[in-house]
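Student: Sharing input-v6.tsv (TSV, C-alpha atoms) below.
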```
chain	number	residue	atom	x	y	z
A	23	MET	CA	-48.48	144.11	-99.80
A	24	SER	CA	-47.77	145.17	-103.35
A	25	ALA	CA	-50.54	145.48	-105.93
A	26	ALA	CA	-51.15	142.42	-108.11
A	27	ALA	CA	-49.34	142.43	-111.43
A	28	PRO	CA	-51.59	143.01	-114.46
A	29	VAL	CA	-52.67	139.73	-116.02
A	30	THR	CA	-51.30	139.40	-119.55
A	31	LYS	CA	-53.57	137.95	-122.26
A	32	PRO	CA	-51.86	134.54	-122.62
A	33	ALA	CA	-51.73	134.23	-118.81
A	34	ALA	CA	-55.43	135.15	-118.56
A	35	LEU	CA	-56.18	132.60	-121.27
A	36	ARG	CA	-54.33	129.88	-119.38
A	37	GLN	CA	-56.11	130.87	-116.16
A	38	SER	CA	-59.51	130.78	-117.88
A	39	THR	CA	-59.00	127.41	-119.54
A	40	SER	CA	-57.57	125.92	-116.32
A	41	LEU	CA	-60.67	127.10	-114.45
A	42	LEU	CA	-62.91	125.58	-117.10
A	43	LEU	CA	-61.02	122.28	-117.05
A	44	LEU	CA	-61.05	122.15	-113.25
A	45	GLY	CA	-64.74	122.95	-112.95
A	46	ALA	CA	-65.85	120.59	-115.73
A	47	GLY	CA	-63.52	117.87	-114.41
A	48	ALA	CA	-64.98	118.19	-110.90
A	49	LEU	CA	-68.50	117.97	-112.28
A	50	LEU	CA	-67.59	114.90	-114.35
A	51	LEU	CA	-65.98	113.32	-111.30
A	52	VAL	CA	-69.21	113.77	-109.36
A	53	GLN	CA	-71.35	112.42	-112.21
A	54	VAL	CA	-69.17	109.45	-113.21
A	55	GLY	CA	-67.39	108.69	-109.95
A	56	LEU	CA	-70.28	109.10	-107.48
A	57	PHE	CA	-73.73	109.12	-109.13
A	58	ALA	CA	-72.95	106.42	-111.71
A	59	THR	CA	-71.41	104.13	-109.10
A	60	GLY	CA	-74.49	104.40	-106.87
A	61	PHE	CA	-73.22	106.83	-104.21
A	62	LEU	CA	-76.20	109.12	-104.68
A	63	LEU	CA	-76.16	110.88	-101.31
A	64	LEU	CA	-72.42	111.48	-101.55
A	65	GLY	CA	-72.90	112.75	-105.12
A	66	ASP	CA	-75.70	115.02	-103.91
A	67	LEU	CA	-73.44	116.47	-101.18
A	68	ALA	CA	-70.52	116.88	-103.62
A	69	SER	CA	-72.80	118.65	-106.12
A	70	ALA	CA	-74.01	121.02	-103.39
A	71	ALA	CA	-70.40	121.77	-102.37
A	72	LEU	CA	-69.50	122.35	-106.03
A	73	VAL	CA	-72.35	124.87	-106.39
A	74	VAL	CA	-71.07	126.86	-103.41
A	75	VAL	CA	-67.44	126.76	-104.62
A	76	LEU	CA	-68.31	127.74	-108.20
A	77	LEU	CA	-70.55	130.61	-107.07
A	78	THR	CA	-68.40	132.07	-104.33
A	79	ALA	CA	-64.77	130.98	-104.56
A	80	VAL	CA	-63.91	132.05	-108.13
A	81	PRO	CA	-61.87	135.29	-107.90
A	82	ARG	CA	-63.22	138.42	-109.55
A	83	SER	CA	-59.89	138.93	-111.31
A	84	VAL	CA	-60.64	136.23	-113.91
A	85	SER	CA	-62.16	137.21	-117.24
A	86	ALA	CA	-65.90	137.81	-117.63
A	87	ALA	CA	-66.06	134.75	-119.92
A	88	SER	CA	-64.60	132.51	-117.20
A	89	LEU	CA	-67.02	133.89	-114.62
A	90	GLY	CA	-69.89	133.13	-117.00
A	91	ALA	CA	-68.62	129.58	-117.56
A	92	THR	CA	-68.26	128.87	-113.83
A	93	ARG	CA	-71.76	130.24	-113.19
A	94	ALA	CA	-73.19	128.03	-115.94
A	95	LEU	CA	-71.37	125.07	-114.37
A	96	ALA	CA	-72.90	125.99	-110.99
A	97	VAL	CA	-76.38	125.83	-112.57
A	98	VAL	CA	-75.62	122.34	-113.97
A	99	ALA	CA	-74.20	121.21	-110.60
A	100	ALA	CA	-77.39	122.40	-108.87
A	101	LEU	CA	-79.66	120.27	-111.10
A	102	PRO	CA	-79.13	116.90	-109.29
A	103	VAL	CA	-79.66	118.62	-105.92
A	104	ILE	CA	-82.99	119.98	-107.18
A	105	ALA	CA	-84.04	116.67	-108.79
A	106	LEU	CA	-83.14	114.48	-105.82
A	107	GLY	CA	-84.64	116.89	-103.27
A	108	LEU	CA	-88.12	116.82	-104.85
A	109	PRO	CA	-90.49	114.56	-102.87
A	110	LEU	CA	-91.71	112.63	-105.92
A	111	ARG	CA	-92.24	109.14	-104.55
A	112	ASP	CA	-96.03	108.97	-104.51
A	113	GLY	CA	-96.77	111.46	-107.28
A	114	SER	CA	-97.26	110.72	-110.97
A	115	VAL	CA	-94.16	110.45	-113.16
A	116	ALA	CA	-95.54	113.01	-115.64
A	117	GLY	CA	-96.33	115.44	-112.80
A	118	GLY	CA	-92.81	115.09	-111.40
A	119	ASP	CA	-91.32	115.61	-114.86
A	120	LEU	CA	-93.39	118.77	-115.36
A	121	VAL	CA	-92.37	120.24	-111.97
A	122	LEU	CA	-88.72	119.51	-112.75
A	123	ALA	CA	-89.03	120.96	-116.27
A	124	GLY	CA	-90.67	124.10	-114.84
A	125	LEU	CA	-87.94	124.61	-112.22
A	126	THR	CA	-85.13	123.95	-114.71
A	127	GLY	CA	-86.75	126.10	-117.41
A	128	GLY	CA	-87.16	128.93	-114.89
A	129	LEU	CA	-83.54	128.56	-113.87
A	130	TRP	CA	-82.43	128.85	-117.52
A	131	PHE	CA	-84.76	131.82	-118.15
A	132	ALA	CA	-83.35	133.76	-115.19
A	133	ALA	CA	-79.69	132.72	-115.54
A	134	ALA	CA	-79.19	133.19	-119.29
A	135	PRO	CA	-79.17	137.04	-119.32
A	136	VAL	CA	-76.92	137.20	-116.23
A	137	ILE	CA	-74.39	135.00	-118.05
A	138	GLY	CA	-74.72	137.27	-121.08
A	139	LEU	CA	-76.77	135.05	-123.40
A	140	ASN	CA	-79.53	136.20	-125.70
A	141	ARG	CA	-82.66	134.16	-124.88
A	142	PRO	CA	-84.74	134.79	-128.06
A	143	ARG	CA	-81.75	133.79	-130.22
A	144	ALA	CA	-81.99	130.25	-128.81
A	145	PHE	CA	-85.26	129.83	-130.72
A	146	SER	CA	-84.18	131.64	-133.89
A	147	PRO	CA	-84.86	129.71	-137.14
A	148	ARG	CA	-81.57	130.97	-138.68
A	149	ARG	CA	-79.64	128.63	-141.00
A	150	PRO	CA	-82.47	126.13	-141.48
A	151	LEU	CA	-80.29	123.92	-143.70
A	152	THR	CA	-78.03	123.31	-140.68
A	153	GLN	CA	-80.80	123.01	-138.11
A	154	LEU	CA	-83.18	120.72	-140.00
A	155	PRO	CA	-80.71	117.80	-140.37
A	156	VAL	CA	-79.87	118.14	-136.65
A	157	ALA	CA	-83.56	117.81	-135.75
A	158	LEU	CA	-84.02	114.83	-138.10
A	159	ALA	CA	-80.87	113.17	-136.75
A	160	GLY	CA	-82.44	113.41	-133.29
A	161	VAL	CA	-85.43	111.33	-134.45
A	162	GLY	CA	-83.13	108.70	-136.01
A	163	LEU	CA	-81.02	108.57	-132.86
A	164	GLY	CA	-84.20	108.10	-130.83
A	165	PHE	CA	-84.96	104.82	-132.63
A	166	LEU	CA	-81.31	103.83	-132.17
A	167	ALA	CA	-81.61	104.68	-128.45
A	168	TYR	CA	-84.64	102.39	-128.22
A	169	LEU	CA	-82.63	99.54	-129.76
A	170	ALA	CA	-79.77	100.38	-127.39
A	171	GLY	CA	-82.00	99.86	-124.35
A	172	ALA	CA	-83.79	103.16	-123.65
A	173	PRO	CA	-86.77	102.69	-121.31
A	174	ARG	CA	-90.37	102.98	-122.52
A	175	GLY	CA	-91.94	106.41	-122.15
A	176	TRP	CA	-95.10	105.29	-120.40
A	177	ALA	CA	-95.99	103.23	-117.33
A	178	PRO	CA	-97.42	99.71	-117.83
A	179	GLY	CA	-101.21	99.73	-118.14
A	180	ALA	CA	-101.42	103.45	-118.91
A	181	SER	CA	-104.40	104.79	-120.87
A	182	THR	CA	-103.98	106.67	-124.17
A	183	LEU	CA	-104.53	109.99	-122.39
A	184	GLN	CA	-101.92	109.08	-119.78
A	185	MET	CA	-99.49	108.17	-122.59
A	186	VAL	CA	-100.06	111.55	-124.26
A	187	LEU	CA	-99.48	113.34	-120.93
A	188	ASP	CA	-96.30	111.30	-120.29
A	189	GLY	CA	-95.05	112.19	-123.79
A	190	ALA	CA	-95.79	115.90	-123.30
A	191	ALA	CA	-94.01	115.87	-119.92
A	192	LEU	CA	-90.99	114.09	-121.43
A	193	ALA	CA	-90.86	116.69	-124.23
A	194	CYS	CA	-90.95	119.53	-121.67
A	195	VAL	CA	-88.08	117.97	-119.70
A	196	ALA	CA	-86.13	117.49	-122.95
A	197	VAL	CA	-86.54	121.18	-123.86
A	198	ALA	CA	-85.48	122.37	-120.39
A	199	GLU	CA	-82.45	120.03	-120.38
A	200	GLU	CA	-81.37	121.02	-123.88
A	201	LEU	CA	-81.67	124.74	-123.08
A	202	ILE	CA	-79.41	124.30	-120.03
A	203	PHE	CA	-76.78	122.30	-121.91
A	204	ARG	CA	-76.89	123.93	-125.37
A	205	TRP	CA	-77.82	127.52	-124.58
A	206	LEU	CA	-76.21	128.05	-121.18
A	207	LEU	CA	-73.28	125.68	-120.72
A	208	GLN	CA	-72.04	125.37	-124.33
A	209	PRO	CA	-71.92	129.09	-125.33
A	210	SER	CA	-70.39	130.09	-121.99
A	211	PHE	CA	-67.74	127.33	-122.28
A	212	GLN	CA	-67.03	128.21	-125.91
A	213	ARG	CA	-66.36	131.83	-124.98
A	214	VAL	CA	-63.47	130.59	-122.83
A	215	ALA	CA	-62.08	127.89	-125.11
A	216	ARG	CA	-63.83	127.24	-128.39
A	217	ARG	CA	-62.98	123.59	-129.19
A	218	ALA	CA	-62.29	122.42	-125.62
A	219	GLY	CA	-65.50	124.19	-124.55
A	220	LEU	CA	-67.54	122.22	-127.06
A	221	LEU	CA	-65.79	119.00	-126.01
A	222	ALA	CA	-66.39	119.76	-122.31
A	223	THR	CA	-70.11	120.35	-122.94
A	224	ILE	CA	-70.38	117.08	-124.87
A	225	ALA	CA	-68.56	115.24	-122.05
A	226	VAL	CA	-70.77	116.72	-119.31
A	227	THR	CA	-73.96	116.02	-121.33
A	228	SER	CA	-72.94	112.39	-121.93
A	229	ALA	CA	-71.75	111.86	-118.34
A	230	VAL	CA	-75.29	112.49	-117.08
A	231	TYR	CA	-76.36	109.18	-118.67
A	232	VAL	CA	-73.46	107.06	-117.37
A	233	GLY	CA	-74.91	104.66	-114.81
A	234	SER	CA	-78.50	105.25	-115.95
A	235	GLY	CA	-78.45	102.80	-118.82
A	236	PRO	CA	-76.35	100.31	-120.77
A	237	PRO	CA	-73.09	101.52	-122.42
A	238	SER	CA	-74.76	101.36	-125.85
A	239	LEU	CA	-77.34	103.94	-124.70
A	240	VAL	CA	-74.58	106.19	-123.30
A	241	VAL	CA	-72.81	105.99	-126.67
A	242	VAL	CA	-76.02	106.95	-128.52
A	243	MET	CA	-76.54	109.91	-126.15
A	244	ALA	CA	-72.91	110.95	-126.64
A	245	ILE	CA	-73.39	110.88	-130.44
A	246	ALA	CA	-76.55	112.99	-129.97
A	247	ALA	CA	-74.57	115.44	-127.82
A	248	VAL	CA	-71.91	115.74	-130.54
A	249	ILE	CA	-74.50	116.35	-133.31
A	250	PHE	CA	-76.56	118.83	-131.25
A	251	GLY	CA	-73.39	120.58	-130.02
A	252	PHE	CA	-72.00	121.07	-133.51
A	253	GLY	CA	-75.47	122.06	-134.76
A	254	VAL	CA	-75.68	124.86	-132.19
A	255	ASP	CA	-72.09	125.89	-132.89
A	256	ARG	CA	-72.67	126.14	-136.65
A	257	SER	CA	-76.15	127.67	-136.67
A	258	GLY	CA	-75.88	130.00	-133.66
A	259	SER	CA	-79.32	128.87	-132.48
A	260	ALA	CA	-80.59	125.98	-130.36
A	261	LEU	CA	-83.84	125.43	-132.29
A	262	GLY	CA	-82.55	122.43	-134.27
A	263	ALA	CA	-81.08	120.83	-131.15
A	264	LEU	CA	-84.35	121.39	-129.27
A	265	GLY	CA	-86.33	119.75	-132.09
A	266	GLY	CA	-83.81	116.93	-132.28
A	267	ARG	CA	-83.96	116.34	-128.56
A	268	ILE	CA	-87.78	116.23	-128.50
A	269	GLY	CA	-87.66	113.86	-131.49
A	270	LEU	CA	-85.08	111.72	-129.71
A	271	VAL	CA	-87.03	111.22	-126.47
A	272	LEU	CA	-90.35	110.67	-128.24
A	273	ALA	CA	-88.85	108.22	-130.78
A	274	ALA	CA	-86.97	106.35	-128.03
A	275	GLY	CA	-89.82	106.24	-125.52
A	276	PHE	CA	-92.86	105.95	-127.81
A	277	GLY	CA	-91.95	105.53	-131.52
A	278	GLY	CA	-89.54	102.66	-130.90
A	279	PRO	CA	-91.77	100.54	-128.66
A	280	LEU	CA	-94.87	101.19	-130.79
A	281	LEU	CA	-93.29	100.74	-134.25
A	282	ILE	CA	-90.17	98.56	-133.87
A	283	GLY	CA	-91.52	96.72	-130.82
A	284	ALA	CA	-94.73	95.82	-132.70
A	285	VAL	CA	-92.70	94.25	-135.54
A	286	GLY	CA	-90.95	92.07	-132.97
A	287	ILE	CA	-87.30	93.06	-133.36
A	288	VAL	CA	-85.37	91.82	-130.34
A	289	VAL	CA	-83.70	94.56	-128.31
A	290	VAL	CA	-80.27	93.60	-127.00
A	291	HIS	CA	-79.82	94.67	-123.38
A	292	PHE	CA	-76.18	95.17	-122.43
A	293	PRO	CA	-75.06	95.19	-118.78
A	294	ARG	CA	-75.13	98.57	-117.05
A	295	TRP	CA	-72.11	100.83	-117.31
A	296	ARG	CA	-70.61	101.12	-113.86
A	297	GLY	CA	-67.24	101.22	-112.17
A	298	TRP	CA	-63.96	101.38	-114.03
A	299	GLU	CA	-65.38	102.09	-117.52
A	300	GLY	CA	-66.62	105.48	-116.34
A	301	THR	CA	-63.26	106.31	-114.79
A	302	VAL	CA	-61.46	105.36	-118.03
A	303	ALA	CA	-63.86	107.57	-120.01
A	304	LEU	CA	-63.19	110.45	-117.59
A	305	VAL	CA	-59.41	110.10	-117.86
A	306	ILE	CA	-59.60	109.99	-121.68
A	307	TRP	CA	-61.74	113.14	-121.67
A	308	LEU	CA	-59.37	114.98	-119.33
A	309	LEU	CA	-56.37	114.07	-121.53
A	310	LEU	CA	-58.16	115.11	-124.72
A	311	ALA	CA	-59.40	118.38	-123.21
A	312	THR	CA	-55.94	119.21	-121.88
A	313	VAL	CA	-54.23	118.54	-125.22
A	314	ILE	CA	-56.79	120.53	-127.22
A	315	THR	CA	-56.81	123.42	-124.75
A	316	VAL	CA	-53.04	123.69	-124.47
A	317	ARG	CA	-52.62	123.54	-128.26
A	318	GLY	CA	-55.33	126.17	-128.75
A	319	ALA	CA	-53.86	128.43	-126.05
A	320	LYS	CA	-50.38	128.15	-127.58
A	321	GLY	CA	-51.74	128.94	-131.04
A	322	ARG	CA	-53.64	132.00	-129.83
A	323	ALA	CA	-50.75	133.16	-127.67
A	324	SER	CA	-48.37	132.93	-130.65
A	325	ARG	CA	-50.83	134.96	-132.74
A	326	GLY	CA	-51.30	137.42	-129.87
A	327	GLY	CA	-55.05	136.75	-129.87
A	328	ALA	CA	-57.35	138.31	-127.29
A	329	VAL	CA	-59.34	136.38	-124.74
A	330	ARG	CA	-62.86	135.87	-126.06
B	9	MET	CA	-85.27	108.99	-120.56
B	10	SER	CA	-84.04	112.24	-119.13
B	11	GLY	CA	-80.74	113.73	-118.09
B	12	LEU	CA	-82.40	115.94	-115.50
B	13	PHE	CA	-84.04	113.04	-113.71
B	14	PRO	CA	-82.27	109.93	-115.01
B	15	GLU	CA	-83.40	106.36	-114.37
B	16	LEU	CA	-80.81	106.08	-111.59
B	17	PHE	CA	-82.39	108.98	-109.66
B	18	GLN	CA	-85.92	107.71	-110.37
B	19	HIS	CA	-85.03	104.32	-108.95
B	20	ALA	CA	-83.45	105.92	-105.86
B	21	VAL	CA	-86.46	108.17	-105.23
B	22	HIS	CA	-89.14	105.54	-105.85
B	23	SER	CA	-87.45	102.72	-103.91
B	24	ARG	CA	-87.06	104.72	-100.70
B	25	SER	CA	-89.67	106.22	-98.37
B	26	ILE	CA	-90.53	109.93	-98.30
B	27	ALA	CA	-89.17	110.04	-94.74
B	28	TYR	CA	-85.76	108.74	-95.89
B	29	ALA	CA	-85.67	111.00	-98.98
B	30	SER	CA	-86.57	114.13	-97.00
B	31	ALA	CA	-84.07	113.27	-94.24
B	32	THR	CA	-81.21	112.86	-96.74
B	33	PHE	CA	-81.65	114.53	-100.15
B	34	GLY	CA	-84.17	117.02	-98.75
B	35	VAL	CA	-81.78	118.09	-96.00
B	36	VAL	CA	-78.96	118.60	-98.54
B	37	THR	CA	-81.28	120.84	-100.59
B	38	VAL	CA	-82.37	122.89	-97.57
B	39	VAL	CA	-78.79	123.27	-96.26
B	40	LEU	CA	-77.52	124.35	-99.71
B	41	CYS	CA	-80.36	126.88	-99.90
B	42	LEU	CA	-79.45	128.24	-96.44
B	43	VAL	CA	-75.75	128.48	-97.35
B	44	LEU	CA	-76.65	130.40	-100.51
B	45	LEU	CA	-78.95	132.71	-98.50
B	46	VAL	CA	-76.04	133.45	-96.15
B	47	GLY	CA	-73.93	134.07	-99.27
B	48	ILE	CA	-76.51	136.58	-100.53
B	49	ASP	CA	-76.38	138.34	-97.16
B	50	ILE	CA	-72.55	138.50	-97.17
B	51	VAL	CA	-72.48	139.81	-100.75
B	52	GLY	CA	-75.13	142.40	-99.78
B	53	ILE	CA	-73.21	143.52	-96.68
B	54	ARG	CA	-70.08	144.04	-98.77
B	55	GLY	CA	-72.14	146.26	-101.05
B	56	ARG	CA	-71.11	144.33	-104.16
B	57	PHE	CA	-74.33	142.51	-104.97
B	58	GLY	CA	-73.87	142.66	-108.74
B	59	GLU	CA	-74.04	139.64	-111.02
B	60	ARG	CA	-72.63	137.25	-108.42
B	61	GLY	CA	-75.44	138.13	-105.99
B	62	ARG	CA	-78.06	137.85	-108.74
B	63	MET	CA	-76.72	134.43	-109.75
B	64	ILE	CA	-76.87	133.18	-106.14
B	65	VAL	CA	-80.51	134.38	-105.88
B	66	ILE	CA	-81.36	132.64	-109.18
B	67	ILE	CA	-79.96	129.27	-108.02
B	68	ALA	CA	-81.34	129.62	-104.48
B	69	THR	CA	-84.93	130.18	-105.71
B	70	PRO	CA	-85.66	126.65	-107.11
B	71	LEU	CA	-83.75	125.17	-104.15
B	72	ALA	CA	-86.05	127.10	-101.78
B	73	ILE	CA	-89.13	125.78	-103.64
B	74	VAL	CA	-87.84	122.19	-103.50
B	75	GLY	CA	-86.84	122.62	-99.84
B	76	ALA	CA	-90.32	123.93	-99.01
B	77	LEU	CA	-91.90	120.94	-100.81
B	78	ALA	CA	-89.64	118.51	-98.89
B	79	ILE	CA	-90.57	120.15	-95.57
B	80	ALA	CA	-94.28	120.10	-96.55
B	81	ALA	CA	-94.01	116.38	-97.37
B	82	ARG	CA	-92.36	115.78	-94.01
B	83	ILE	CA	-95.10	117.71	-92.15
B	84	ALA	CA	-97.79	115.79	-94.07
B	85	LEU	CA	-96.09	112.56	-93.04
B	86	LEU	CA	-96.10	113.64	-89.37
B	87	LEU	CA	-99.79	114.61	-89.52
B	88	GLN	CA	-100.84	111.25	-90.97
```
Once more with this new file: its structure as C-alpha cells, please.

Tutor:
Amino acid sequence: MSAAAPVTKPAALRQSTSLLLLGAGALLLVQVGLFATGFLLLGDLASAALVVVLLTAVPRSVSAASLGATRALAVVAALPVIALGLPLRDGSVAGGDLVLAGLTGGLWFAAAPVIGLNRPRAFSPRRPLTQLPVALAGVGLGFLAYLAGAPRGWAPGASTLQMVLDGAALACVAVAEELIFRWLLQPSFQRVARRAGLLATIAVTSAVYVGSGPPSLVVVMAIAAVIFGFGVDRSGSALGALGGRIGLVLAAGFGGPLLIGAVGIVVVHFPRWRGWEGTVALVIWLLLATVITVRGAKGRASRGGAVR
Amino acid sequence: MSGLFPELFQHAVHSRSIAYASATFGVVTVVLCLVLLVGIDIVGIRGRFGERGRMIVIIATPLAIVGALAIAARIALLLQ
C-alpha cells in the first residue's frame, strides 16, 4: 500500500471544517431530535456513543485544531450522560446542582490545557469596556427570561437561607456551564473555522434549552449565547460572559419573581417547543453553517491562508 | 434554569424511582466509563498514550464518580 499523499492546506481546511460540522451536527441532532422530543434514554445512549466516536475514531492525520475541537465536543456530549446518571431523586436541588457544577468544573479544569487553552486567561479583566456591557446585558436578559417563562430559582416554601443556597448553587452551575461553552467549545471551534465556529457554539448552547422551556425562553437564551459568544470573541476573555451568565440566572430565577412578580405583571406562558420546530431550527443552522464555512474556506484557499 | 441539568432532565430524574434511574441512565454511565477504560488500555498498549489517552482519562473520571454514586444508590436501595 502506498504512503498517503500529503494533505494540502485547502484540503486540510475542508477536512477540518467538515469534521466540525459533522460533530456539531450530530450533537445538535441528539439535543434537538432526541432529548427535546422526550427520548431521554435514547438521547443518553446516543450521547455516550458520540463521546466514544469523538474520542477514538477521529484520525490522527487531521490538524491539531480539529482534534481539539472534537475533544471539546466529546466533553459537551459527555455532560448529559453525567447529569442523567447522578442519583439525584431524593437529594436537595441545590446539593445536586453543586455536585454537577463540581464535576463539570473539574472536567473543564483538566480538559482545557490538553485542548491547548490558557485557563487563567478565561478570568482576565482585559478590555473591560467590552466585557462590562456583556455582563450587564446578561442581567437584562435574565429579567426578559423571567417574562419568557423561566422557572423560579427556589422551591416553594423555602426559607431565606435555603433561597440563598439555591442561588449560590445556580451561580456555580452557571459558571461551570459557561466555562465549558465559552472557554472550551468556542475557542476550539474558532481555531478550525472562525465564523462558523462561533455560530456552531451558539447553536449548541441554544439547543441545550430546546424542549426545556417555551420557545420564547429558547430565543432569549439564544440571544444570550450570541452576546456572550461575541463578547468572548472580542475581548479574548470569558470574564464578562461569566458575569453575564450569573446575572442572567439570578435575575431570571430570583430578581424577576421578587421584583416583577411582586408588581403583578402577568407572565405569558407559551406552549413548549417540541417536535418539528426543533428540526426546522436544526436544518436552518446546518444550511447557515455550511454556507458560511464553504465561503470562508474558499476565501482562505484563494488567499492561500494557513489552517489556524 | 441550567443547561447542564435542564428542566427536562430534572423532571425525568425526579418523576422516576432511583431503581429505574440507576437501571437505565446509571447503566449507560457505567458502560461508557468501562468502554473508555478499555480505550485507555488499548491506547496504553499501543504505546501512544499522549493527549488522546489523557483526554479519555479526563472524561472517564467524572463518569467513574457518577457510576460509583449510582451503584452506591442501588446498594443502599437493596439494603433498605

Student: Pull out every residue of chain B sitting within 9 Å of chain A, counting only C-alpha atoms, and send them as a ChimeraX atom specification.

Tutor: /B:9-18,20-26,29-30,32-40,43-44,47,59-60,62-64,66-67,69-71,73-75,77-78,81

Student: Please provide as a list in words all residues within 6 Å of segment 179-191 of chain A, with the sequence filter that same-chain residues fewer than 3 positions apart are discarded (counting only C-alpha atoms).

Tutor: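 The neighbour list is Ala116, Asp119, Leu120, Trp176 and Cys194 of chain A.
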
Student: May I ask for the distance between atom CA of Leu207 of chain A and atom CA of Thr223 of chain A, given in Å to one decimal place?

Tutor: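 Value for the atom CA of Leu207 of chain A-atom CA of Thr223 of chain A distance: 6.6 Å.
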
Student: Within 9 Å of (-84.6, 117.8, -138.6), in the coordinates the file gives, what residues turn up when you count only C-alpha atoms, written out as number ranges by chain?

Tutor: A: 152-161, 262-263, 265-266, 269

Student: Quote the spacing between atom CA of Val46 of chain B and atom CA of Leu85 of chain B in Å to one decimal place.

Tutor: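 Separating atom CA of Val46 of chain B from atom CA of Leu85 of chain B is a distance of 29.1 Å.
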
Student: Provide the atom CA of Pro236 of chain A to atom CA of Ala46 of chain A distance in Å, to one decimal place.

Tutor: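 Separation between atom CA of Pro236 of chain A and atom CA of Ala46 of chain A: 23.4 Å.
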
Student: Restricting the calculation to all atoms listed in the file: of A:Leu95, A:Val214, A:Val54, A:Leu163, which residue gets closest to Leu239 of chain A?

Tutor: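 Closest to Leu239 of chain A, using all atoms listed in the file: A:Leu163.
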
Student: Around the point (-68.2, 123.6, -129.9) (coordinates from the file), which residues reach within 10 Å if we count all atoms listed in the file? Answer as number ranges by chain.

Tutor: A: 204, 208-209, 211-213, 215-224, 248, 250-256

Student: Which is closer to Ile245 of chain A than all the others in A:Ala91, A:Gly55, A:Phe61, A:Gly162, using only C-alpha atoms?

Tutor: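 For Ile245 of chain A, the nearest of the candidates is A:Gly162.
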